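Engineer: Here you go, one structure.
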Amino acid sequence: MTHKRVKGCYDIFPGSKDLWKDPAVWAYVENIFKKTATLYGFKEAMTPSFEYTDVFTRSSGEASDIVSKEMYTFLDKKGRSISLKPELTAPIIRAYLENAEMNQKMYKLFYLDSCYRYDRPQKGRYRQFRQFGIEVLGKKDPLIDIEVIAMFLQIYKNLGITNTTLLINSIGSKESRETYNAELVSYFSSFKEKLSSDSLSRLEKNPLRILDSKDAEDKKIVANAPKIFDYLTDEEKAHFHQVTEGLDELGISYTIDPLLVRGLDYYTDTVFELIRENDASGQNTLGAGGVYEGIAKSLGGKDVPGIGFAIGMERTIQYFLENNPSFTIENPPTFYCIGLGQEYKKTLLHLALKIRSLEGSAELFEGTSIKSGLKNASEKKARYAIILGEIEFNSGICKIKDLSNREEQSIQLNGLLDWAKKHIKT
Ligand code: HAM
């Protein structure tokens with residue numbers, strides 16, 4: 001083979017060795033996501049695969065890893081800087097500003113799309129990956145946070161996945177974070193000799209991200225770092241309190257993680273992540289989100305508050321299959337047409353076209369012997385094999401084998417379509 005797919009990517013392909021790459025599983029899961037979003041009143045939005053680079057630098061923060069290290073950025077033929085979408089919230093807000101009726105109070109959007117990040121590939125981390133996400137735009141209200149988090153969990157429940165942990169925190173406003181950042185810099189500065197080189201480089205640019213470090217030595221230092229909650233205003237604390245109270249009332253369990261900060265700069269107040277239970281691997285976050293402010297303003301609009309989340313499709317589908325090891329999806333054809341010879345194949349081709357136009361399913365055999373035709377029909381779990389060869393044709397009949405009970409019958413060729421019509425739904 002001379003050509004291989006680009007590193008960090010994967011194909012979704014029928015019959016894939018890995019079941020998570022089978023399109024039927026994707027269709028099943030996507031359908032549950034879309035159906036749930038529709039029940040909650042969300043409408044689908046689609047945006048282009050690439051945007052002008054500053055859509056991301058202005059909104060997600062130039063110091064964030066996603067923008068500073070991981071974007072696929074190139075100049076187009078007119079020298080404009082373009083980036084493949086590393087995340088989908090900023091493009092949705094850019095599209096909202098360009099298309100929406102601003103006098104409408106709230107917009108509730110969902111999307112299912114690809115993201116591109118140049119990160120080190122490993123299981124659960126790809127350079128092209130897919131997200132299902134939602135955004136509620138236009139209002140900030142703890143009740144909306146509660147509804148969005150409840151929906152996030154409902155999606156997983158609808159997939160039959162309950163062995164997860166919801167982490168939640170409040171990171172307050174940009175102003176509260178400035179004071180907190182200054183405290184963090186002063187705290188971490190006294191550990192300069194011990195911090196990892198990554199954390200050292202974050203000390204000046206983005207000290208909050210040190211809290212997220214996976215380095216064992218850093219983690220020990222982080223454990224005693226000042227906690228953001230102590231720097232929130234009374235109003236911010238009250239917002240968070242209302243959210244946790246609302247979750248309690250709904251019986252939703254969560255863990256408050258004072259170190260949860262998120263990797264994109266636009267978040268304020270409530271942030272959350274859903275992780276696999278009992279999984280300490282780095283790639284255990286199934287999906288994540290939070291409240292944000294300032295994205296619309298940074299893109300030239302009036303400020304529009306929002307909240308949303310995005311679910312990593314690959315990790316979620318992999319976890320879904322771990323929870324359902326015997327999951328299969330079958331769409332067996334009702335009729336499997338075995339024509340033995342070009343002329344007879346053609347007759348069956350015409351029959352199959354008519355069956356499909358009546359919304360029946362029919363497949364055509366491409367081989368030459370009855371034995372292998374019947375073997376294929378069984379493998380595909382077809383209900384009926386329709387067999388037409390020279391002998392049958394010359395007698396004006398064709399043979400039908402009911403593969404559910406192996407019973408055989410002969411049918412007049414000129415009555416075959418009527419017989420098929422009667423059995424389309426069986
Ligand atoms: P994020 O945390 O960067 O948030 O990504 C959300 C989810 O996408 C992650 O929890 C993970 O499951 C998946 N993910 C991220 N990177 C990769 C990767 N390289 N390979 C596979 N899966 C990955 C956002 O993107 C925000 N836009 C979410 C949001 C929406 N916040 C508000 N609204």
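Note on naming: chains are A, B, ... as they come in the structure tokens, residues start from 1 per chain, ligands start from 1 in the order shown.
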Env of stretch 213-216 of chain A: 10 Å cut, atoms = only C-alpha atoms, seq-sep filter 2 positions within chain, self excluded. Answer as a list in words.

Structural biologist: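 Once the nearby chain positions are removed, what remains is Leu195, Ser196, Asp198, Ser199, Leu208, Arg209, Ile210, Leu211, Asp218, Lys219, Lys220, Ile221, Val222, Ser281 and Gly282 of chain A.
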
Engineer: Once you have the residues from the selection above, write them out as a short mmCIF file (atom, residue, chain, number, x, y, z; two decimals), in the first residue's frame, restricted to all heavy atoms.

Structural biologist:
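And here's out30.cif as it stands now:
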```cif
data_model
loop_
_atom_site.label_atom_id
_atom_site.label_comp_id
_atom_site.auth_asym_id
_atom_site.auth_seq_id
_atom_site.Cartn_x
_atom_site.Cartn_y
_atom_site.Cartn_z
N LEU A 195 9.00 22.79 39.64
CA LEU A 195 7.94 22.68 38.62
C LEU A 195 8.46 22.09 37.31
O LEU A 195 9.63 22.30 36.95
CB LEU A 195 7.35 24.07 38.33
CG LEU A 195 6.38 24.66 39.36
CD1 LEU A 195 6.00 26.08 38.96
CD2 LEU A 195 5.13 23.80 39.50
N SER A 196 7.59 21.39 36.59
CA SER A 196 7.99 20.85 35.27
C SER A 196 8.21 22.03 34.31
O SER A 196 7.70 23.13 34.56
CB SER A 196 6.86 19.95 34.73
OG SER A 196 5.73 20.74 34.45
N ASP A 198 6.97 22.54 31.44
CA ASP A 198 5.69 23.01 30.90
C ASP A 198 5.03 23.99 31.86
O ASP A 198 4.54 25.04 31.45
CB ASP A 198 4.72 21.82 30.72
CG ASP A 198 4.74 21.31 29.30
OD1 ASP A 198 5.49 21.90 28.50
OD2 ASP A 198 4.02 20.33 29.02
N SER A 199 5.01 23.63 33.13
CA SER A 199 4.36 24.49 34.12
C SER A 199 5.13 25.79 34.28
O SER A 199 4.53 26.85 34.44
CB SER A 199 4.22 23.77 35.45
OG SER A 199 3.27 22.74 35.33
N LEU A 208 -3.16 29.52 35.49
CA LEU A 208 -4.31 28.66 35.78
C LEU A 208 -4.11 27.24 35.23
O LEU A 208 -4.57 26.25 35.82
CB LEU A 208 -5.55 29.30 35.14
CG LEU A 208 -6.87 29.22 35.86
CD1 LEU A 208 -6.80 29.88 37.22
CD2 LEU A 208 -7.95 29.91 35.03
N ARG A 209 -3.45 27.16 34.09
CA ARG A 209 -3.28 25.84 33.44
C ARG A 209 -2.36 24.92 34.23
O ARG A 209 -2.36 23.71 34.02
CB ARG A 209 -2.74 25.99 32.00
CG ARG A 209 -3.61 26.77 31.06
CD ARG A 209 -4.96 26.14 30.83
NE ARG A 209 -4.87 24.76 30.37
CZ ARG A 209 -5.80 23.86 30.57
NH1 ARG A 209 -6.89 24.17 31.21
NH2 ARG A 209 -5.65 22.64 30.11
N ILE A 210 -1.55 25.50 35.13
CA ILE A 210 -0.67 24.63 35.94
C ILE A 210 -1.53 23.69 36.79
O ILE A 210 -1.17 22.55 37.06
CB ILE A 210 0.27 25.48 36.85
CG1 ILE A 210 1.12 26.40 35.96
CG2 ILE A 210 1.16 24.59 37.71
CD1 ILE A 210 2.04 27.32 36.76
N LEU A 211 -2.72 24.16 37.15
CA LEU A 211 -3.62 23.34 37.98
C LEU A 211 -4.01 22.04 37.26
O LEU A 211 -4.39 21.07 37.89
CB LEU A 211 -4.89 24.13 38.33
CG LEU A 211 -4.71 25.44 39.07
CD1 LEU A 211 -6.06 26.09 39.36
CD2 LEU A 211 -3.96 25.22 40.39
N ASP A 218 4.39 18.16 39.89
CA ASP A 218 3.52 19.35 39.84
C ASP A 218 2.25 19.12 40.67
O ASP A 218 1.80 20.00 41.39
CB ASP A 218 3.06 19.65 38.39
CG ASP A 218 4.17 20.24 37.55
OD1 ASP A 218 5.24 20.53 38.10
OD2 ASP A 218 3.94 20.41 36.33
N LYS A 219 1.71 17.91 40.54
CA LYS A 219 0.43 17.62 41.22
C LYS A 219 0.55 17.82 42.73
O LYS A 219 -0.38 18.30 43.37
CB LYS A 219 -0.01 16.18 40.92
CG LYS A 219 -0.72 16.05 39.59
CD LYS A 219 -1.23 14.64 39.44
CE LYS A 219 -2.09 14.50 38.19
NZ LYS A 219 -2.51 13.14 37.97
N LYS A 220 1.73 17.43 43.28
CA LYS A 220 1.93 17.59 44.73
C LYS A 220 1.89 19.07 45.11
O LYS A 220 1.33 19.45 46.12
CB LYS A 220 3.30 17.00 45.13
CG LYS A 220 3.33 15.50 45.15
CD LYS A 220 4.66 15.02 45.72
CE LYS A 220 5.02 13.67 45.15
NZ LYS A 220 6.45 13.40 45.15
N ILE A 221 2.51 19.89 44.25
CA ILE A 221 2.55 21.34 44.54
C ILE A 221 1.15 21.94 44.37
O ILE A 221 0.71 22.75 45.18
CB ILE A 221 3.58 22.03 43.61
CG1 ILE A 221 4.95 21.37 43.80
CG2 ILE A 221 3.64 23.52 43.85
CD1 ILE A 221 5.99 21.74 42.75
N VAL A 222 0.48 21.48 43.32
CA VAL A 222 -0.87 22.00 43.01
C VAL A 222 -1.85 21.72 44.16
O VAL A 222 -2.71 22.53 44.47
CB VAL A 222 -1.37 21.39 41.68
CG1 VAL A 222 -2.87 21.56 41.52
CG2 VAL A 222 -0.64 22.00 40.49
N SER A 281 -6.59 7.49 33.35
CA SER A 281 -5.83 7.82 32.14
C SER A 281 -6.03 9.29 31.80
O SER A 281 -7.02 9.90 32.20
CB SER A 281 -6.30 6.95 30.97
OG SER A 281 -7.46 7.50 30.41
N GLY A 282 -5.09 9.84 31.07
CA GLY A 282 -5.17 11.25 30.72
C GLY A 282 -6.38 11.59 29.86
O GLY A 282 -6.84 12.71 29.83
#
```

Engineer: Using DSSP secondary structure from the backbone, list all helix (DSSP H, G or I) positions within stretch 187-252 of chain A, as a compact mmCIF listing (two decimals) with all heavy atoms, in the first residue's frame.

Structural biologist:
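Heads up, here's the output in states_38.txt:
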```
# COMPACT_ATOMS: atom_id res chain seq x y z
N TYR A 187 2.33 32.01 44.51
CA TYR A 187 2.47 30.69 45.14
C TYR A 187 3.45 29.80 44.35
O TYR A 187 4.40 29.25 44.92
CB TYR A 187 1.09 30.02 45.25
CG TYR A 187 1.16 28.57 45.69
CD1 TYR A 187 1.35 28.23 47.02
CD2 TYR A 187 1.04 27.53 44.76
CE1 TYR A 187 1.42 26.90 47.44
CE2 TYR A 187 1.10 26.20 45.16
CZ TYR A 187 1.30 25.90 46.50
OH TYR A 187 1.37 24.58 46.89
N PHE A 188 3.22 29.69 43.05
CA PHE A 188 4.05 28.76 42.26
C PHE A 188 5.49 29.27 42.12
O PHE A 188 6.41 28.48 41.91
CB PHE A 188 3.43 28.53 40.87
CG PHE A 188 2.23 27.62 40.91
CD1 PHE A 188 1.00 28.04 40.42
CD2 PHE A 188 2.32 26.34 41.44
CE1 PHE A 188 -0.12 27.21 40.46
CE2 PHE A 188 1.21 25.50 41.48
CZ PHE A 188 -0.02 25.94 41.00
N SER A 189 5.69 30.58 42.22
CA SER A 189 7.05 31.12 42.05
C SER A 189 7.99 30.57 43.12
O SER A 189 9.19 30.43 42.89
CB SER A 189 7.04 32.65 42.13
OG SER A 189 6.34 33.14 41.02
N SER A 197 8.94 21.75 33.22
CA SER A 197 9.25 22.85 32.30
C SER A 197 7.96 23.42 31.69
O SER A 197 7.83 24.63 31.48
CB SER A 197 10.21 22.39 31.22
OG SER A 197 9.64 21.30 30.56
N ASP A 198 6.97 22.54 31.44
CA ASP A 198 5.69 23.01 30.90
C ASP A 198 5.03 23.99 31.86
O ASP A 198 4.54 25.04 31.45
CB ASP A 198 4.72 21.82 30.72
CG ASP A 198 4.74 21.31 29.30
OD1 ASP A 198 5.49 21.90 28.50
OD2 ASP A 198 4.02 20.33 29.02
N SER A 199 5.01 23.63 33.13
CA SER A 199 4.36 24.49 34.12
C SER A 199 5.13 25.79 34.28
O SER A 199 4.53 26.85 34.44
CB SER A 199 4.22 23.77 35.45
OG SER A 199 3.27 22.74 35.33
N LEU A 200 6.46 25.68 34.23
CA LEU A 200 7.27 26.91 34.34
C LEU A 200 6.92 27.89 33.24
O LEU A 200 6.77 29.09 33.46
CB LEU A 200 8.75 26.56 34.23
CG LEU A 200 9.52 26.44 35.55
CD1 LEU A 200 10.99 26.22 35.27
CD2 LEU A 200 9.31 27.69 36.41
N SER A 201 6.75 27.35 32.02
CA SER A 201 6.45 28.25 30.90
C SER A 201 5.02 28.83 31.03
O SER A 201 4.72 29.89 30.51
CB SER A 201 6.66 27.57 29.55
OG SER A 201 5.65 26.64 29.36
N ARG A 202 4.17 28.12 31.77
CA ARG A 202 2.80 28.62 31.97
C ARG A 202 2.73 29.66 33.08
O ARG A 202 1.74 30.38 33.18
CB ARG A 202 1.86 27.47 32.32
CG ARG A 202 1.54 26.64 31.10
CD ARG A 202 0.68 25.46 31.45
NE ARG A 202 0.35 24.74 30.23
CZ ARG A 202 0.24 23.43 30.15
NH1 ARG A 202 0.45 22.69 31.21
NH2 ARG A 202 -0.08 22.86 29.02
N LEU A 203 3.75 29.68 33.91
CA LEU A 203 3.73 30.55 35.08
C LEU A 203 3.46 32.00 34.69
O LEU A 203 2.68 32.69 35.34
CB LEU A 203 5.07 30.43 35.82
CG LEU A 203 5.13 31.03 37.22
CD1 LEU A 203 4.04 30.49 38.11
CD2 LEU A 203 6.49 30.75 37.85
N GLU A 204 4.09 32.45 33.62
CA GLU A 204 3.89 33.84 33.22
C GLU A 204 2.64 33.98 32.34
O GLU A 204 1.83 34.87 32.52
CB GLU A 204 5.11 34.36 32.43
CG GLU A 204 6.41 34.35 33.21
CD GLU A 204 6.30 35.10 34.55
OE1 GLU A 204 5.59 36.11 34.61
OE2 GLU A 204 6.91 34.64 35.54
N LYS A 205 2.49 33.03 31.40
CA LYS A 205 1.44 33.21 30.37
C LYS A 205 0.05 32.81 30.85
O LYS A 205 -0.93 33.46 30.54
CB LYS A 205 1.80 32.37 29.13
CG LYS A 205 2.86 33.06 28.26
CD LYS A 205 3.01 32.35 26.94
CE LYS A 205 4.11 31.32 27.02
NZ LYS A 205 4.24 30.35 26.04
N PRO A 207 -1.07 30.91 34.32
CA PRO A 207 -0.80 30.12 35.53
C PRO A 207 -1.93 29.16 35.89
O PRO A 207 -1.70 28.10 36.47
CB PRO A 207 -0.62 31.18 36.63
CG PRO A 207 -1.13 32.46 36.07
CD PRO A 207 -1.02 32.36 34.59
N LEU A 208 -3.16 29.52 35.49
CA LEU A 208 -4.31 28.66 35.78
C LEU A 208 -4.11 27.24 35.23
O LEU A 208 -4.57 26.25 35.82
CB LEU A 208 -5.55 29.30 35.14
CG LEU A 208 -6.87 29.22 35.86
CD1 LEU A 208 -6.80 29.88 37.22
CD2 LEU A 208 -7.95 29.91 35.03
N ARG A 209 -3.45 27.16 34.09
CA ARG A 209 -3.28 25.84 33.44
C ARG A 209 -2.36 24.92 34.23
O ARG A 209 -2.36 23.71 34.02
CB ARG A 209 -2.74 25.99 32.00
CG ARG A 209 -3.61 26.77 31.06
CD ARG A 209 -4.96 26.14 30.83
NE ARG A 209 -4.87 24.76 30.37
CZ ARG A 209 -5.80 23.86 30.57
NH1 ARG A 209 -6.89 24.17 31.21
NH2 ARG A 209 -5.65 22.64 30.11
N ILE A 210 -1.55 25.50 35.13
CA ILE A 210 -0.67 24.63 35.94
C ILE A 210 -1.53 23.69 36.79
O ILE A 210 -1.17 22.55 37.06
CB ILE A 210 0.27 25.48 36.85
CG1 ILE A 210 1.12 26.40 35.96
CG2 ILE A 210 1.16 24.59 37.71
CD1 ILE A 210 2.04 27.32 36.76
N LEU A 211 -2.72 24.16 37.15
CA LEU A 211 -3.62 23.34 37.98
C LEU A 211 -4.01 22.04 37.26
O LEU A 211 -4.39 21.07 37.89
CB LEU A 211 -4.89 24.13 38.33
CG LEU A 211 -4.71 25.44 39.07
CD1 LEU A 211 -6.06 26.09 39.36
CD2 LEU A 211 -3.96 25.22 40.39
N ASP A 212 -3.90 22.07 35.96
CA ASP A 212 -4.30 20.95 35.12
C ASP A 212 -3.15 20.00 34.80
O ASP A 212 -3.32 19.02 34.08
CB ASP A 212 -4.79 21.55 33.79
CG ASP A 212 -6.04 20.92 33.32
OD1 ASP A 212 -6.67 20.23 34.13
OD2 ASP A 212 -6.38 21.11 32.13
N ALA A 216 3.57 14.35 37.95
CA ALA A 216 3.37 13.89 39.33
C ALA A 216 3.90 14.90 40.35
O ALA A 216 3.25 15.18 41.37
CB ALA A 216 4.04 12.54 39.52
N GLU A 217 5.09 15.45 40.08
CA GLU A 217 5.70 16.42 41.01
C GLU A 217 4.84 17.70 41.08
O GLU A 217 4.57 18.22 42.17
CB GLU A 217 7.11 16.71 40.50
CG GLU A 217 8.17 17.06 41.54
CD GLU A 217 8.12 16.24 42.83
OE1 GLU A 217 8.05 14.98 42.78
OE2 GLU A 217 8.14 16.88 43.88
N ASP A 218 4.39 18.16 39.89
CA ASP A 218 3.52 19.35 39.84
C ASP A 218 2.25 19.12 40.67
O ASP A 218 1.80 20.00 41.39
CB ASP A 218 3.06 19.65 38.39
CG ASP A 218 4.17 20.24 37.55
OD1 ASP A 218 5.24 20.53 38.10
OD2 ASP A 218 3.94 20.41 36.33
N LYS A 219 1.71 17.91 40.54
CA LYS A 219 0.43 17.62 41.22
C LYS A 219 0.55 17.82 42.73
O LYS A 219 -0.38 18.30 43.37
CB LYS A 219 -0.01 16.18 40.92
CG LYS A 219 -0.72 16.05 39.59
CD LYS A 219 -1.23 14.64 39.44
CE LYS A 219 -2.09 14.50 38.19
NZ LYS A 219 -2.51 13.14 37.97
N LYS A 220 1.73 17.43 43.28
CA LYS A 220 1.93 17.59 44.73
C LYS A 220 1.89 19.07 45.11
O LYS A 220 1.33 19.45 46.12
CB LYS A 220 3.30 17.00 45.13
CG LYS A 220 3.33 15.50 45.15
CD LYS A 220 4.66 15.02 45.72
CE LYS A 220 5.02 13.67 45.15
NZ LYS A 220 6.45 13.40 45.15
N ILE A 221 2.51 19.89 44.25
CA ILE A 221 2.55 21.34 44.54
C ILE A 221 1.15 21.94 44.37
O ILE A 221 0.71 22.75 45.18
CB ILE A 221 3.58 22.03 43.61
CG1 ILE A 221 4.95 21.37 43.80
CG2 ILE A 221 3.64 23.52 43.85
CD1 ILE A 221 5.99 21.74 42.75
N VAL A 222 0.48 21.48 43.32
CA VAL A 222 -0.87 22.00 43.01
C VAL A 222 -1.85 21.72 44.16
O VAL A 222 -2.71 22.53 44.47
CB VAL A 222 -1.37 21.39 41.68
CG1 VAL A 222 -2.87 21.56 41.52
CG2 VAL A 222 -0.64 22.00 40.49
N ALA A 223 -1.66 20.56 44.82
CA ALA A 223 -2.61 20.16 45.88
C ALA A 223 -2.76 21.25 46.95
O ALA A 223 -3.84 21.40 47.52
CB ALA A 223 -2.16 18.85 46.49
N ILE A 228 -9.62 28.63 43.75
CA ILE A 228 -10.32 29.74 43.10
C ILE A 228 -11.57 30.18 43.88
O ILE A 228 -11.91 31.37 43.90
CB ILE A 228 -10.69 29.39 41.63
CG1 ILE A 228 -11.38 30.57 40.93
CG2 ILE A 228 -11.60 28.21 41.53
CD1 ILE A 228 -10.62 31.16 39.84
N PHE A 229 -12.21 29.22 44.52
CA PHE A 229 -13.49 29.55 45.17
C PHE A 229 -13.33 30.69 46.18
O PHE A 229 -14.23 31.51 46.34
CB PHE A 229 -14.06 28.29 45.85
CG PHE A 229 -15.54 28.39 46.02
CD1 PHE A 229 -16.38 28.23 44.93
CD2 PHE A 229 -16.10 28.67 47.25
CE1 PHE A 229 -17.76 28.34 45.06
CE2 PHE A 229 -17.48 28.79 47.40
CZ PHE A 229 -18.30 28.62 46.30
N ASP A 230 -12.16 30.75 46.82
CA ASP A 230 -11.93 31.80 47.84
C ASP A 230 -11.80 33.18 47.21
O ASP A 230 -11.77 34.18 47.92
CB ASP A 230 -10.67 31.47 48.64
CG ASP A 230 -10.82 30.15 49.37
OD1 ASP A 230 -11.96 29.83 49.77
OD2 ASP A 230 -9.83 29.41 49.51
N TYR A 231 -11.71 33.24 45.87
CA TYR A 231 -11.52 34.54 45.21
C TYR A 231 -12.77 34.99 44.46
O TYR A 231 -12.76 35.99 43.78
CB TYR A 231 -10.31 34.47 44.26
CG TYR A 231 -9.04 34.19 45.04
CD1 TYR A 231 -8.72 32.90 45.42
CD2 TYR A 231 -8.23 35.24 45.47
CE1 TYR A 231 -7.60 32.64 46.20
CE2 TYR A 231 -7.12 34.99 46.24
CZ TYR A 231 -6.80 33.67 46.61
OH TYR A 231 -5.70 33.44 47.38
N ASP A 234 -19.33 37.53 46.06
CA ASP A 234 -20.52 36.92 46.69
C ASP A 234 -21.53 36.51 45.62
O ASP A 234 -22.17 35.47 45.72
CB ASP A 234 -21.17 37.91 47.66
CG ASP A 234 -20.31 38.07 48.91
OD1 ASP A 234 -19.41 37.22 49.11
OD2 ASP A 234 -20.54 39.04 49.65
N GLU A 235 -21.64 37.36 44.59
CA GLU A 235 -22.60 37.07 43.52
C GLU A 235 -22.22 35.78 42.79
O GLU A 235 -23.07 34.93 42.50
CB GLU A 235 -22.58 38.24 42.54
CG GLU A 235 -23.85 38.42 41.75
CD GLU A 235 -23.67 39.53 40.71
OE1 GLU A 235 -23.06 40.57 41.05
OE2 GLU A 235 -24.11 39.32 39.58
N GLU A 236 -20.94 35.62 42.52
CA GLU A 236 -20.48 34.41 41.82
C GLU A 236 -20.67 33.16 42.69
O GLU A 236 -21.07 32.10 42.19
CB GLU A 236 -19.00 34.57 41.43
CG GLU A 236 -18.80 35.58 40.30
CD GLU A 236 -17.39 36.16 40.26
OE1 GLU A 236 -16.51 35.70 41.00
OE2 GLU A 236 -17.19 37.10 39.46
N LYS A 237 -20.41 33.35 43.99
CA LYS A 237 -20.62 32.21 44.90
C LYS A 237 -22.10 31.83 44.93
O LYS A 237 -22.45 30.65 44.94
CB LYS A 237 -20.14 32.56 46.31
CG LYS A 237 -18.62 32.51 46.46
CD LYS A 237 -18.22 32.81 47.88
CE LYS A 237 -16.70 32.80 48.00
NZ LYS A 237 -16.20 33.47 49.19
N ALA A 238 -22.96 32.87 44.92
CA ALA A 238 -24.41 32.62 44.99
C ALA A 238 -24.87 31.88 43.72
O ALA A 238 -25.67 30.94 43.79
CB ALA A 238 -25.17 33.93 45.14
N HIS A 239 -24.32 32.27 42.55
CA HIS A 239 -24.67 31.60 41.29
C HIS A 239 -24.32 30.11 41.39
O HIS A 239 -25.15 29.24 41.10
CB HIS A 239 -23.91 32.27 40.13
CG HIS A 239 -24.20 31.70 38.78
ND1 HIS A 239 -24.85 32.40 37.79
CD2 HIS A 239 -23.95 30.49 38.22
CE1 HIS A 239 -24.96 31.66 36.71
NE2 HIS A 239 -24.41 30.48 36.96
N PHE A 240 -23.13 29.85 41.85
CA PHE A 240 -22.67 28.46 41.94
C PHE A 240 -23.52 27.67 42.94
O PHE A 240 -23.89 26.52 42.69
CB PHE A 240 -21.19 28.42 42.33
CG PHE A 240 -20.59 27.05 42.21
CD1 PHE A 240 -20.62 26.36 41.00
CD2 PHE A 240 -19.99 26.42 43.31
CE1 PHE A 240 -20.06 25.09 40.88
CE2 PHE A 240 -19.44 25.16 43.19
CZ PHE A 240 -19.48 24.49 41.98
N HIS A 241 -23.84 28.34 44.04
CA HIS A 241 -24.65 27.69 45.07
C HIS A 241 -26.01 27.28 44.49
O HIS A 241 -26.50 26.17 44.73
CB HIS A 241 -24.81 28.61 46.27
CG HIS A 241 -25.63 28.00 47.35
ND1 HIS A 241 -25.21 26.90 48.09
CD2 HIS A 241 -26.89 28.29 47.81
CE1 HIS A 241 -26.15 26.56 48.92
NE2 HIS A 241 -27.18 27.38 48.78
N GLN A 242 -26.61 28.20 43.71
CA GLN A 242 -27.92 27.89 43.11
C GLN A 242 -27.81 26.71 42.15
O GLN A 242 -28.73 25.89 42.04
CB GLN A 242 -28.46 29.10 42.36
CG GLN A 242 -28.97 30.18 43.29
CD GLN A 242 -29.45 31.39 42.50
OE1 GLN A 242 -30.35 31.28 41.69
NE2 GLN A 242 -28.83 32.53 42.72
N VAL A 243 -26.69 26.64 41.44
CA VAL A 243 -26.51 25.51 40.49
C VAL A 243 -26.41 24.19 41.26
O VAL A 243 -27.13 23.22 40.96
CB VAL A 243 -25.26 25.72 39.60
CG1 VAL A 243 -25.01 24.49 38.73
CG2 VAL A 243 -25.43 26.95 38.72
N THR A 244 -25.57 24.15 42.28
CA THR A 244 -25.39 22.87 43.01
C THR A 244 -26.69 22.50 43.73
O THR A 244 -27.07 21.32 43.76
CB THR A 244 -24.21 22.94 44.01
OG1 THR A 244 -24.38 24.10 44.81
CG2 THR A 244 -22.89 22.99 43.29
N GLU A 245 -27.39 23.52 44.25
CA GLU A 245 -28.66 23.24 44.92
C GLU A 245 -29.67 22.64 43.92
O GLU A 245 -30.36 21.67 44.22
CB GLU A 245 -29.21 24.56 45.47
CG GLU A 245 -30.28 24.41 46.52
CD GLU A 245 -30.66 25.79 47.06
OE1 GLU A 245 -31.08 26.65 46.23
OE2 GLU A 245 -30.53 26.01 48.25
N GLY A 246 -29.70 23.23 42.72
CA GLY A 246 -30.61 22.73 41.68
C GLY A 246 -30.28 21.29 41.30
O GLY A 246 -31.17 20.47 41.07
N LEU A 247 -29.00 20.98 41.23
CA LEU A 247 -28.58 19.61 40.89
C LEU A 247 -28.99 18.65 42.02
O LEU A 247 -29.48 17.55 41.76
CB LEU A 247 -27.08 19.54 40.64
CG LEU A 247 -26.55 20.34 39.44
CD1 LEU A 247 -25.03 20.22 39.34
CD2 LEU A 247 -27.19 19.89 38.13
N ASP A 248 -28.82 19.12 43.26
CA ASP A 248 -29.23 18.30 44.41
C ASP A 248 -30.72 17.99 44.32
O ASP A 248 -31.15 16.85 44.52
CB ASP A 248 -28.97 19.03 45.73
CG ASP A 248 -27.47 19.17 46.02
OD1 ASP A 248 -26.69 18.37 45.47
OD2 ASP A 248 -27.09 20.09 46.78
N GLU A 249 -31.51 19.01 44.00
CA GLU A 249 -32.97 18.82 43.93
C GLU A 249 -33.34 17.79 42.86
O GLU A 249 -34.33 17.09 42.97
CB GLU A 249 -33.66 20.15 43.61
CG GLU A 249 -33.81 21.03 44.86
CD GLU A 249 -34.09 22.50 44.51
OE1 GLU A 249 -34.40 22.79 43.34
OE2 GLU A 249 -33.97 23.33 45.41
```

Engineer: Given the choices A:Gly341, A:Gly312, A:Gly415, A:Gly41, which gets closest to ligand 1 if the distance is worked out from only C-alpha atoms and all ligand atoms?

Structural biologist: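 Looking only at the distances to ligand 1, the closest residue turns out to be A:Gly312.
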
Engineer: Please, which residues have at least one atom within 9 Å of an atom of ligand 1, using only C-alpha atoms and all ligand atoms, listed as a ChimeraX atom specification?

Structural biologist: /A:8,60,66,86-90,115-136,262-264,266-267,271,273-275,283-292,306-316

Engineer: So, counting only C-alpha atoms, which residue among A:Gly61, A:Gly294, A:Gly160, A:Gly300 is closest to A:Phe327?

Structural biologist: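 Answer, going by the shortest atom-to-atom distance: A:Gly160.
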
Engineer: What is the atom CA of A:Gln104 to atom CA of A:Ile146 distance in Å?

Structural biologist: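 Value for the atom CA of A:Gln104-atom CA of A:Ile146 distance: 21.9 Å.
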
Engineer: So that I can see what lies close to A:Lys108, please list as a PyMOL selection string the residues with an atom at most 12 Å from it, counting only C-alpha atoms and leaving out residues fewer than 2 positions away in the same chain.

Structural biologist: chain A and resi 37-45+92-93+96+100+104-106+110-111+133-139+144+148+306-308

Engineer: Given only C-alpha atoms as the basis, pick out the residue of A:Thr268, A:Thr334, A:Ser64, A:Asn163 nearest to A:Ile386.

Structural biologist: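 Checking each candidate against A:Ile386, we get A:Thr334 as the closest.
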
Engineer: List the spatial neighbours of A:Lys21 as a count of residues only - criterion: any atom at most 7 Å away, only C-alpha atoms, same-chain residues fewer than 5 positions off excluded.

Structural biologist: 4

Engineer: List as a list in words the protein and nucleic acid residues near A:Ala420, meaning an atom at most 10 Å away when only C-alpha atoms are counted, but skip any in the same chain fewer than 3 places from it.

Structural biologist: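 So, after excluding close chain neighbours, the residues are Thr334, Phe335, Leu351, Ala352, Lys354, Ile355, Gly360, Tyr384, Ile386, Gly415, Leu416, Leu417, His423, Ile424, Lys425 and Thr426 of chain A.
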
Engineer: Just the number, please: distance in Å from atom CA of A:Tyr52 to atom CA of A:Lys78, one decimal.

Structural biologist: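 We find that atom CA of A:Tyr52 and atom CA of A:Lys78 lie 12.4 Å from each other.
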
Engineer: Mind pulling up the distance from atom CA of A:Lys227 to atom CA of A:Ser176?

Structural biologist: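 That distance, rounded to one decimal, is 11.8 Å.
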